[in-house]
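Peer 1: Data: coords_12.cif, mmCIF, C-alpha atoms and all ligand atoms.
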data_structure
loop_
_atom_site.group_PDB
_atom_site.id
_atom_site.type_symbol
_atom_site.label_atom_id
_atom_site.label_comp_id
_atom_site.auth_asym_id
_atom_site.auth_seq_id
_atom_site.Cartn_x
_atom_site.Cartn_y
_atom_site.Cartn_z
ATOM 1 C CA MET A 1 -5.961 8.764 7.072
ATOM 2 C CA ASN A 2 -7.656 12.128 7.218
ATOM 3 C CA ILE A 3 -7.236 14.180 4.013
ATOM 4 C CA ALA A 4 -7.654 17.528 5.809
ATOM 5 C CA ASN A 5 -4.471 19.625 5.489
ATOM 6 C CA LYS A 6 -2.787 16.940 3.426
ATOM 7 C CA THR A 7 -1.028 17.322 0.082
ATOM 8 C CA VAL A 8 -2.478 14.984 -2.504
ATOM 9 C CA LEU A 9 -1.417 14.149 -6.058
ATOM 10 C CA ILE A 10 -3.967 12.615 -8.403
ATOM 11 C CA THR A 11 -2.999 11.247 -11.815
ATOM 12 C CA GLY A 12 -5.517 11.391 -14.654
ATOM 13 C CA ALA A 13 -7.139 14.312 -12.851
ATOM 14 C CA ASN A 14 -8.842 15.966 -15.840
ATOM 15 C CA ARG A 15 -11.864 13.689 -16.187
ATOM 16 C CA GLY A 16 -13.721 10.672 -14.868
ATOM 17 C CA ILE A 17 -12.917 9.384 -11.406
ATOM 18 C CA GLY A 18 -9.720 11.474 -11.243
ATOM 19 C CA ARG A 19 -11.629 14.726 -11.725
ATOM 20 C CA ALA A 20 -14.107 13.677 -9.036
ATOM 21 C CA LEU A 21 -11.206 12.805 -6.719
ATOM 22 C CA VAL A 22 -9.835 16.342 -7.090
ATOM 23 C CA ASP A 23 -13.141 17.820 -5.951
ATOM 24 C CA GLU A 24 -13.578 15.295 -3.161
ATOM 25 C CA ALA A 25 -10.074 15.940 -1.824
ATOM 26 C CA LEU A 26 -10.811 19.687 -1.814
ATOM 27 C CA ARG A 27 -14.152 19.106 -0.125
ATOM 28 C CA ARG A 28 -12.347 17.135 2.582
ATOM 29 C CA GLY A 29 -10.011 20.020 3.261
ATOM 30 C CA ALA A 30 -6.832 19.040 1.418
ATOM 31 C CA LYS A 31 -4.140 21.693 1.725
ATOM 32 C CA ARG A 32 -2.993 21.250 -1.862
ATOM 33 C CA VAL A 33 -4.111 19.030 -4.722
ATOM 34 C CA TYR A 34 -1.650 18.372 -7.515
ATOM 35 C CA ALA A 35 -3.675 17.521 -10.601
ATOM 36 C CA GLY A 36 -1.626 15.357 -12.938
ATOM 37 C CA THR A 37 -2.945 15.596 -16.482
ATOM 38 C CA ARG A 38 -1.838 15.240 -20.091
ATOM 39 C CA SER A 39 -4.090 17.976 -21.388
ATOM 40 C CA GLY A 40 -4.571 20.414 -18.545
ATOM 41 C CA LEU A 41 -7.230 21.188 -15.977
ATOM 42 C CA GLN A 42 -8.823 24.544 -15.245
ATOM 43 C CA HIS A 43 -9.923 24.752 -11.645
ATOM 44 C CA ALA A 44 -11.192 27.763 -9.723
ATOM 45 C CA ASP A 45 -9.828 26.526 -6.397
ATOM 46 C CA LYS A 46 -6.395 27.987 -5.709
ATOM 47 C CA ARG A 47 -5.325 24.832 -3.878
ATOM 48 C CA VAL A 48 -5.238 22.975 -7.188
ATOM 49 C CA VAL A 49 -1.833 22.923 -8.863
ATOM 50 C CA ARG A 50 -1.678 21.598 -12.374
ATOM 51 C CA LEU A 51 1.079 19.165 -13.275
ATOM 52 C CA THR A 52 1.761 17.990 -16.815
ATOM 53 C CA LEU A 53 2.034 14.286 -16.282
ATOM 54 C CA ASP A 54 1.797 11.598 -18.916
ATOM 55 C CA LEU A 55 2.520 8.311 -17.168
ATOM 56 C CA THR A 56 4.495 7.086 -20.165
ATOM 57 C CA ASN A 57 6.765 10.136 -20.322
ATOM 58 C CA ALA A 58 9.875 9.756 -18.144
ATOM 59 C CA SER A 59 10.937 13.400 -18.365
ATOM 60 C CA GLN A 60 7.453 14.602 -17.406
ATOM 61 C CA ILE A 61 7.542 12.295 -14.383
ATOM 62 C CA GLU A 62 10.949 13.695 -13.437
ATOM 63 C CA ARG A 63 9.740 17.288 -13.799
ATOM 64 C CA ALA A 64 6.603 16.542 -11.766
ATOM 65 C CA VAL A 65 8.679 14.985 -8.985
ATOM 66 C CA GLY A 66 10.857 18.095 -8.947
ATOM 67 C CA ALA A 67 7.836 20.395 -8.797
ATOM 68 C CA VAL A 68 6.223 18.710 -5.793
ATOM 69 C CA GLU A 69 7.761 19.762 -2.492
ATOM 70 C CA ALA A 70 6.215 17.158 -0.217
ATOM 71 C CA LEU A 71 3.488 14.624 -0.707
ATOM 72 C CA ASP A 72 1.193 12.884 1.762
ATOM 73 C CA VAL A 73 -1.011 10.933 -0.643
ATOM 74 C CA LEU A 74 -0.368 9.710 -4.181
ATOM 75 C CA ILE A 75 -3.485 8.507 -5.983
ATOM 76 C CA ASN A 76 -2.545 6.422 -9.019
ATOM 77 C CA ASN A 77 -5.818 6.880 -10.827
ATOM 78 C CA ALA A 78 -4.854 7.317 -14.508
ATOM 79 C CA GLY A 79 -5.442 4.287 -16.638
ATOM 80 C CA VAL A 80 -6.619 3.062 -19.995
ATOM 81 C CA ALA A 81 -8.977 0.272 -21.004
ATOM 82 C CA THR A 82 -9.633 -1.116 -24.442
ATOM 83 C CA PHE A 83 -11.588 -4.246 -25.211
ATOM 84 C CA ASP A 84 -9.284 -6.862 -26.610
ATOM 85 C CA ASP A 85 -8.725 -10.583 -26.944
ATOM 86 C CA LEU A 86 -4.931 -10.608 -26.416
ATOM 87 C CA SER A 87 -4.357 -11.144 -30.156
ATOM 88 C CA ASP A 88 -2.711 -7.735 -30.630
ATOM 89 C CA THR A 89 0.597 -7.590 -28.738
ATOM 90 C CA ALA A 90 1.089 -3.894 -29.482
ATOM 91 C CA ALA A 91 -2.292 -3.076 -27.929
ATOM 92 C CA THR A 92 -1.431 -5.111 -24.824
ATOM 93 C CA GLU A 93 1.926 -3.339 -24.532
ATOM 94 C CA LYS A 94 0.218 0.036 -24.840
ATOM 95 C CA ILE A 95 -2.065 -0.764 -21.916
ATOM 96 C CA LEU A 96 0.782 -2.159 -19.807
ATOM 97 C CA ALA A 97 2.841 0.956 -20.590
ATOM 98 C CA VAL A 98 0.217 3.100 -18.872
ATOM 99 C CA ASN A 99 -1.510 0.919 -16.270
ATOM 100 C CA LEU A 100 1.481 -1.065 -15.048
ATOM 101 C CA TYR A 101 4.803 0.569 -15.969
ATOM 102 C CA GLY A 102 3.425 4.120 -15.964
ATOM 103 C CA THR A 103 1.935 3.729 -12.506
ATOM 104 C CA PHE A 104 5.101 2.005 -11.307
ATOM 105 C CA ASN A 105 7.367 4.767 -12.640
ATOM 106 C CA VAL A 106 5.280 7.547 -11.112
ATOM 107 C CA THR A 107 5.239 5.769 -7.736
ATOM 108 C CA ARG A 108 8.966 5.103 -7.894
ATOM 109 C CA GLY A 109 9.628 8.708 -8.868
ATOM 110 C CA PHE A 110 7.781 10.086 -5.868
ATOM 111 C CA LEU A 111 8.551 7.506 -3.241
ATOM 112 C CA LEU A 112 11.766 5.775 -4.316
ATOM 113 C CA PRO A 113 10.882 2.578 -2.500
ATOM 114 C CA ILE A 114 12.498 -0.780 -3.061
ATOM 115 C CA ILE A 115 9.721 -2.386 -5.061
ATOM 116 C CA PRO A 116 9.860 -6.131 -5.493
ATOM 117 C CA ALA A 117 9.856 -6.408 -9.282
ATOM 118 C CA TYR A 118 9.488 -10.161 -9.083
ATOM 119 C CA SER A 119 6.198 -9.900 -7.190
ATOM 120 C CA ILE A 120 4.879 -7.274 -9.588
ATOM 121 C CA SER A 121 5.701 -9.437 -12.599
ATOM 122 C CA LYS A 122 4.074 -12.472 -11.021
ATOM 123 C CA ALA A 123 0.962 -10.555 -10.011
ATOM 124 C CA ALA A 124 0.613 -9.360 -13.612
ATOM 125 C CA LEU A 125 1.261 -12.864 -14.856
ATOM 126 C CA PHE A 126 -1.462 -14.169 -12.557
ATOM 127 C CA SER A 127 -3.890 -11.700 -14.050
ATOM 128 C CA LEU A 128 -2.794 -12.765 -17.543
ATOM 129 C CA THR A 129 -3.449 -16.375 -16.524
ATOM 130 C CA GLN A 130 -6.992 -15.478 -15.510
ATOM 131 C CA SER A 131 -7.588 -13.650 -18.816
ATOM 132 C CA LEU A 132 -6.174 -16.510 -20.874
ATOM 133 C CA ARG A 133 -8.278 -18.989 -18.925
ATOM 134 C CA ALA A 134 -11.453 -17.102 -19.779
ATOM 135 C CA GLN A 135 -10.433 -16.477 -23.402
ATOM 136 C CA LEU A 136 -9.215 -19.963 -24.215
ATOM 137 C CA ALA A 137 -12.097 -21.805 -22.553
ATOM 138 C CA ARG A 138 -14.050 -21.207 -25.778
ATOM 139 C CA LYS A 139 -11.478 -23.230 -27.672
ATOM 140 C CA GLY A 140 -11.544 -26.044 -25.160
ATOM 141 C CA VAL A 141 -8.084 -25.161 -23.815
ATOM 142 C CA THR A 142 -7.772 -25.161 -20.024
ATOM 143 C CA VAL A 143 -5.307 -22.822 -18.305
ATOM 144 C CA HIS A 144 -3.848 -23.723 -14.918
ATOM 145 C CA GLY A 145 -1.852 -21.553 -12.534
ATOM 146 C CA VAL A 146 0.756 -22.972 -10.178
ATOM 147 C CA PHE A 147 1.260 -21.103 -6.893
ATOM 148 C CA ALA A 148 4.286 -22.679 -5.311
ATOM 149 C CA GLY A 149 5.695 -21.740 -1.916
ATOM 150 C CA PRO A 150 9.478 -21.887 -1.369
ATOM 151 C CA VAL A 151 11.060 -24.682 -3.410
ATOM 152 C CA ASP A 152 14.612 -25.893 -2.905
ATOM 153 C CA THR A 153 16.286 -24.752 -6.154
ATOM 154 C CA ASP A 154 18.976 -22.238 -7.235
ATOM 155 C CA MET A 155 16.381 -19.449 -7.168
ATOM 156 C CA SER A 156 15.716 -19.718 -3.440
ATOM 157 C CA ARG A 157 19.279 -20.580 -2.340
ATOM 158 C CA GLY A 158 19.715 -17.457 -0.196
ATOM 159 C CA PHE A 159 16.305 -17.815 1.416
ATOM 160 C CA ASP A 160 16.542 -19.595 4.763
ATOM 161 C CA VAL A 161 13.074 -21.117 5.230
ATOM 162 C CA PRO A 162 11.570 -24.603 4.977
ATOM 163 C CA LYS A 163 11.383 -25.595 1.298
ATOM 164 C CA ALA A 164 9.648 -28.287 -0.715
ATOM 165 C CA SER A 165 11.683 -30.461 -3.050
ATOM 166 C CA PRO A 166 11.366 -29.787 -6.785
ATOM 167 C CA GLU A 167 10.429 -33.453 -7.250
ATOM 168 C CA SER A 168 7.460 -33.264 -4.860
ATOM 169 C CA VAL A 169 6.314 -30.041 -6.498
ATOM 170 C CA ALA A 170 6.524 -31.573 -9.980
ATOM 171 C CA GLN A 171 4.450 -34.504 -8.770
ATOM 172 C CA ALA A 172 1.820 -32.236 -7.217
ATOM 173 C CA ILE A 173 1.583 -30.143 -10.398
ATOM 174 C CA PHE A 174 0.707 -33.185 -12.501
ATOM 175 C CA ASP A 175 -1.654 -34.423 -9.771
ATOM 176 C CA GLY A 176 -3.405 -31.028 -9.823
ATOM 177 C CA LEU A 177 -3.690 -31.183 -13.595
ATOM 178 C CA LYS A 178 -5.150 -34.661 -13.348
ATOM 179 C CA GLU A 179 -7.718 -33.429 -10.822
ATOM 180 C CA GLY A 180 -8.616 -30.511 -13.096
ATOM 181 C CA GLU A 181 -7.581 -27.878 -10.542
ATOM 182 C CA GLU A 182 -7.506 -24.376 -12.053
ATOM 183 C CA ASP A 183 -5.120 -23.183 -9.385
ATOM 184 C CA ILE A 184 -2.576 -25.653 -8.139
ATOM 185 C CA PHE A 185 -0.930 -25.275 -4.725
ATOM 186 C CA PRO A 186 1.819 -27.880 -4.921
ATOM 187 C CA ASP A 187 3.496 -27.816 -1.493
ATOM 188 C CA SER A 188 2.621 -27.612 2.177
ATOM 189 C CA ALA A 189 3.331 -23.858 2.455
ATOM 190 C CA SER A 190 1.095 -22.896 -0.469
ATOM 191 C CA GLN A 191 -1.598 -25.372 0.584
ATOM 192 C CA THR A 192 -2.235 -23.311 3.697
ATOM 193 C CA ILE A 193 -3.902 -20.649 1.531
ATOM 194 C CA ALA A 194 -5.510 -22.959 -1.059
ATOM 195 C CA GLU A 195 -8.901 -23.332 0.566
ATOM 196 C CA SER A 196 -9.312 -19.653 1.427
ATOM 197 C CA TRP A 197 -8.326 -18.710 -2.162
ATOM 198 C CA ARG A 198 -10.768 -21.153 -3.754
ATOM 199 C CA THR A 199 -13.656 -19.842 -1.670
ATOM 200 C CA SER A 200 -12.584 -16.181 -1.877
ATOM 201 C CA ALA A 201 -14.500 -13.236 -3.312
ATOM 202 C CA ALA A 202 -11.615 -12.751 -5.793
ATOM 203 C CA LYS A 203 -12.100 -16.249 -7.159
ATOM 204 C CA ALA A 204 -15.864 -15.770 -7.359
ATOM 205 C CA LEU A 205 -15.246 -12.539 -9.303
ATOM 206 C CA GLU A 206 -12.923 -14.365 -11.694
ATOM 207 C CA HIS A 207 -15.662 -16.922 -12.415
ATOM 208 C CA GLN A 208 -18.193 -14.132 -12.858
ATOM 209 C CA ASN A 209 -15.930 -12.356 -15.377
ATOM 210 C CA ALA A 210 -15.209 -15.631 -17.182
ATOM 211 C CA ALA A 211 -18.954 -16.227 -17.568
ATOM 212 C CA PHE A 212 -19.262 -12.731 -19.041
ATOM 213 C CA VAL A 213 -16.469 -13.439 -21.569
ATOM 214 C CA LYS A 214 -18.120 -16.745 -22.463
ATOM 215 C CA GLY A 215 -21.427 -14.972 -23.050
ATOM 216 C CA GLU A 216 -19.721 -12.438 -25.339
ATOM 217 C CA GLY A 217 -18.157 -15.153 -27.493
HETATM 218 N N1 LIG B 1 -14.819 3.446 -15.069
HETATM 219 C C1 LIG B 1 -14.850 2.248 -14.512
HETATM 220 O O1 LIG B 1 -15.848 1.494 -14.647
HETATM 221 C C2 LIG B 1 -13.702 1.761 -13.659
HETATM 222 C C3 LIG B 1 -13.884 0.627 -12.840
HETATM 223 C C4 LIG B 1 -12.798 0.155 -12.071
HETATM 224 C C5 LIG B 1 -11.569 0.816 -12.122
HETATM 225 N N2 LIG B 1 -11.420 1.932 -12.917
HETATM 226 C C6 LIG B 1 -10.114 2.563 -12.917
HETATM 227 O O2 LIG B 1 -10.256 3.897 -12.428
HETATM 228 C C7 LIG B 1 -9.282 4.741 -13.026
HETATM 229 C C8 LIG B 1 -9.945 5.973 -13.657
HETATM 230 O O3 LIG B 1 -10.872 5.494 -14.621
HETATM 231 P P1 LIG B 1 -11.995 6.419 -15.265
HETATM 232 O O4 LIG B 1 -13.232 5.622 -15.342
HETATM 233 O O5 LIG B 1 -12.026 7.735 -14.589
HETATM 234 O O6 LIG B 1 -11.407 6.528 -16.743
HETATM 235 P P2 LIG B 1 -11.514 7.694 -17.826
HETATM 236 O O7 LIG B 1 -12.717 8.496 -17.639
HETATM 237 O O8 LIG B 1 -11.275 7.022 -19.123
HETATM 238 O O9 LIG B 1 -10.257 8.596 -17.449
HETATM 239 C C9 LIG B 1 -8.978 8.061 -17.574
HETATM 240 C C10 LIG B 1 -7.998 9.100 -17.084
HETATM 241 O O10 LIG B 1 -6.681 8.535 -17.209
HETATM 242 C C11 LIG B 1 -5.892 9.460 -17.947
HETATM 243 N N3 LIG B 1 -4.832 8.807 -18.680
HETATM 244 C C12 LIG B 1 -4.903 7.846 -19.622
HETATM 245 N N4 LIG B 1 -3.697 7.554 -20.112
HETATM 246 C C13 LIG B 1 -2.823 8.357 -19.465
HETATM 247 C C14 LIG B 1 -1.437 8.553 -19.516
HETATM 248 N N5 LIG B 1 -0.655 7.858 -20.366
HETATM 249 N N6 LIG B 1 -0.878 9.457 -18.688
HETATM 250 C C15 LIG B 1 -1.627 10.183 -17.834
HETATM 251 N N7 LIG B 1 -2.951 10.073 -17.755
HETATM 252 C C16 LIG B 1 -3.543 9.162 -18.553
HETATM 253 C C17 LIG B 1 -6.860 10.137 -18.875
HETATM 254 O O11 LIG B 1 -6.288 11.324 -19.372
HETATM 255 P P3 LIG B 1 -6.620 11.860 -20.872
HETATM 256 O O12 LIG B 1 -7.881 12.653 -20.741
HETATM 257 O O13 LIG B 1 -5.425 12.648 -21.213
HETATM 258 O O14 LIG B 1 -6.812 10.650 -21.759
HETATM 259 C C18 LIG B 1 -8.025 10.361 -17.925
HETATM 260 O O15 LIG B 1 -7.798 11.478 -17.108
HETATM 261 C C19 LIG B 1 -8.530 3.876 -14.068
HETATM 262 O O16 LIG B 1 -7.301 3.415 -13.516
HETATM 263 C C20 LIG B 1 -9.489 2.705 -14.290
HETATM 264 O O17 LIG B 1 -8.791 1.536 -14.697
HETATM 265 C C21 LIG B 1 -12.450 2.408 -13.667
#
Written as structure tokens, how would this file's structure read?

Peer 2:
Amino acid sequence: MNIANKTVLITGANRGIGRALVDEALRRGAKRVYAGTRSGLQHADKRVVRLTLDLTNASQIERAVGAVEALDVLINNAGVATFDDLSDTAATEKILAVNLYGTFNVTRGFLLPIIPAYSISKAALFSLTQSLRAQLARKGVTVHGVFAGPVDTDMSRGFDVPKASPESVAQAIFDGLKEGEEDIFPDSASQTIAESWRTSAAKALEHQNAAFVKGEG
């Protein structure tokens, strides 16, 4: 997509990457750049429109949605990062409130799509699995993820596709555990992606990050 003559909204636009994105969008000829910030942004370019937008504030999201006439590009840039070891639930919730739910609520506010909540929750859970795996390795605890395709249970009743039996999946999960597989693909549908996942750049990055965590410990 070409940014020229487009209307762009950038969250977390007051500093860091967000601030740079504002300038880059202008440089590329954006028609209007909505700068979502908590604290404000002074910008000489008249194409920049400031929006008060804290991702965790529902009424600010609602007001921002009302203030934007039309939008071509939404850049969900705002985020927080604190170094943690998952021992402080409140700290984890604070990060999720911004990075996950905040981003979700802003996107929903502007686009009103049907977003598959199940997939979002599982994607986040997958990331949690990776973090726990790295964290708990120090204590000698192994963490395994199970990535099942469609399984013939109540959950998938309305889903008309070939399904594995719960019994075969249960068997494959224990087999995977026995083989020491970090990521277990327990049915023929999920097995089709097993090899490409295990040799993927994402998996290599996970191992790289885990080695970093181990070194920090
Ligand atoms: N820096 C990196 O190495 C790196 C690498 C990969 C990905 N990222 C991602 O890139 C994005 C921008 O990171 P950055 O490096 O530019 O971070 P940054 O310099 O710390 O800036 C974070 C921005 O997010 C805003 N923000 C935080 N909480 C918010 C909230 N509740 N509502 C609205 N805005 C909020 C901040 O606003 P305030 O000024 O009001 O706090 C600030 O504008 C983040 O999503 C980050 O996860 C960064």

Peer 1: Using all atoms listed in the file, what are the residues with an atom within 8 Å of ligand LIG 1 (chain B), set out as a PyMOL selection string?

Peer 2: chain A and resi 11-19+36-39+53-57+76-81+97-99+102

Peer 1: Go ahead and compute the interatomic distance for CA of Pro150 in chain A and CA of Ser127 in chain A, in Å to one decimal.

Peer 2: 21.1 Å

Peer 1: At a cut-off of 10 Å, using all atoms listed in the file, what residues contact Val8 in chain A? Leave out same-chain residues fewer than 2 positions from it and give the result as an NGL selection string.

Peer 2: :A and (3 or 5-6 or 10 or 21-22 or 25-26 or 30-35 or 48 or 70-75)

Peer 1: Quote the spacing between CA of His144 in chain A and CA of Ala172 in chain A in Å to one decimal place.

Peer 2: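 Between CA of His144 in chain A and CA of Ala172 in chain A the gap works out to 12.8 Å.
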
Peer 1: Would you work out the distance separating CA of Ala64 in chain A from CA of Phe110 in chain A, expressed in Å to one decimal?

Peer 2: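 Separating CA of Ala64 in chain A from CA of Phe110 in chain A is a distance of 8.8 Å.
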
Peer 1: Can you work out which one of A:Val143, A:Leu100, A:Leu9, A:Ala90 has the shortest atom-to-atom distance to Ala123 in chain A, counting all atoms listed in the file?

Peer 2: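 Distance minimum relative to Ala123 in chain A lands on A:Leu100.
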
Peer 1: Can you list, as a short mmCIF file (atom, residue, chain, number, x, y, z; two decimals) with C-alpha atoms, keeping the file's coordinate frame, every protein, DNA or RNA residue that comes within 8 Å of range 190-195 of chain A when you count only C-alpha atoms, leaving out same-chain residues fewer than 4 positions away?

Peer 2:
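New file around01.cif:
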data_model
loop_
_atom_site.label_atom_id
_atom_site.label_comp_id
_atom_site.auth_asym_id
_atom_site.auth_seq_id
_atom_site.Cartn_x
_atom_site.Cartn_y
_atom_site.Cartn_z
CA PHE A 147 1.26 -21.10 -6.89
CA ALA A 148 4.29 -22.68 -5.31
CA GLY A 149 5.70 -21.74 -1.92
CA PHE A 185 -0.93 -25.28 -4.72
CA PRO A 186 1.82 -27.88 -4.92
CA THR A 199 -13.66 -19.84 -1.67
#

Peer 1: Convert the output of the PyMOL selection byres (((chain A and resi 41) around 7) and not hetatm) on the shown file into explicit residues, formatted as JSON, numbers by chain.

Peer 2: {"A": [14, 40, 42, 43, 50]}

Peer 1: Can you translate the PyMOL selection byres (((chain A and resi 131) around 12) and not hetatm) into the concrete residues it hits in this file, as a ChimeraX atom specification?

Peer 2: /A:84-86,124-130,132-137,142-145,206-207,209-214

Peer 1: Those residues with C-alpha atoms, as a short mmCIF file (atom, residue, chain, number, x, y, z; two decimals), in the frame of the given file please?

Peer 2:
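Okay, this is what ended up in out10.cif:
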data_model
loop_
_atom_site.label_atom_id
_atom_site.label_comp_id
_atom_site.auth_asym_id
_atom_site.auth_seq_id
_atom_site.Cartn_x
_atom_site.Cartn_y
_atom_site.Cartn_z
CA ASP A 84 -9.28 -6.86 -26.61
CA ASP A 85 -8.72 -10.58 -26.94
CA LEU A 86 -4.93 -10.61 -26.42
CA ALA A 124 0.61 -9.36 -13.61
CA LEU A 125 1.26 -12.86 -14.86
CA PHE A 126 -1.46 -14.17 -12.56
CA SER A 127 -3.89 -11.70 -14.05
CA LEU A 128 -2.79 -12.76 -17.54
CA THR A 129 -3.45 -16.38 -16.52
CA GLN A 130 -6.99 -15.48 -15.51
CA LEU A 132 -6.17 -16.51 -20.87
CA ARG A 133 -8.28 -18.99 -18.92
CA ALA A 134 -11.45 -17.10 -19.78
CA GLN A 135 -10.43 -16.48 -23.40
CA LEU A 136 -9.22 -19.96 -24.22
CA ALA A 137 -12.10 -21.80 -22.55
CA THR A 142 -7.77 -25.16 -20.02
CA VAL A 143 -5.31 -22.82 -18.30
CA HIS A 144 -3.85 -23.72 -14.92
CA GLY A 145 -1.85 -21.55 -12.53
CA GLU A 206 -12.92 -14.36 -11.69
CA HIS A 207 -15.66 -16.92 -12.42
CA ASN A 209 -15.93 -12.36 -15.38
CA ALA A 210 -15.21 -15.63 -17.18
CA ALA A 211 -18.95 -16.23 -17.57
CA PHE A 212 -19.26 -12.73 -19.04
CA VAL A 213 -16.47 -13.44 -21.57
CA LYS A 214 -18.12 -16.74 -22.46
#

Peer 1: Expand the PyMOL selection byres (((chain A and resi 165) around 6) and not hetatm) into the individual residues it matches in the shown file, reporting them as a CSV table (one decimal) with C-alpha atoms, in the frame of the given file.

Peer 2:
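Contents of part_19.csv, freshly written:
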chain,number,residue,atom,x,y,z
A,151,VAL,CA,11.1,-24.7,-3.4
A,152,ASP,CA,14.6,-25.9,-2.9
A,164,ALA,CA,9.6,-28.3,-0.7
A,166,PRO,CA,11.4,-29.8,-6.8
A,167,GLU,CA,10.4,-33.5,-7.2
A,168,SER,CA,7.5,-33.3,-4.9

Peer 1: Give the answer as one residue: which of A:Thr92, A:Gln171, A:Ser87, A:Thr107 has the shortest atom-to-atom distance to Ile184 in chain A, using all atoms listed in the file?

Peer 2: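 The closest residue to Ile184 in chain A is A:Gln171.
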
Peer 1: My list of candidates is A:Val146, A:Val106, A:Met155, A:Val161. Which is closest to Phe174 in chain A when distances are computed with all atoms listed in the file?

Peer 2: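 Closest candidate: A:Val146.
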
Peer 1: Enumerate, as a PDB file with C-alpha atoms, in the coordinates of the input, the protein, DNA and RNA residues whose atoms approach (12.4, 13.0, -7.1) to within 6 Å, taking into account all atoms listed in the file and the coordinate frame of the file.

Peer 2:
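Done, and the output landed in selection_39.pdb:
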ATOM      1  CA  VAL A  65       8.679  14.985  -8.985  1.00  0.00           C
ATOM      2  CA  GLY A  66      10.857  18.095  -8.947  1.00  0.00           C
ATOM      3  CA  GLY A 109       9.628   8.708  -8.868  1.00  0.00           C
ATOM      4  CA  PHE A 110       7.781  10.086  -5.868  1.00  0.00           C
TER       5      PHE A 110
END

Peer 1: From the options A:Ala204, A:Gly180, A:Ala4, A:Asn105, which residue's atoms come nearest to Ser59 in chain A, counting only C-alpha atoms?

Peer 2: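 Closest to Ser59 in chain A, using only C-alpha atoms: A:Asn105.
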
Peer 1: With 3 Å added on each side, what axis-aligned box encloses every listed atom of range 80-90 of chain A? Give the centre and edge lengths in Å to one decimal, as JSON.

Peer 2:
{"center_x": -5.2, "center_y": -4.0, "center_z": -25.3, "size_x": 18.7, "size_y": 20.2, "size_z": 16.6}
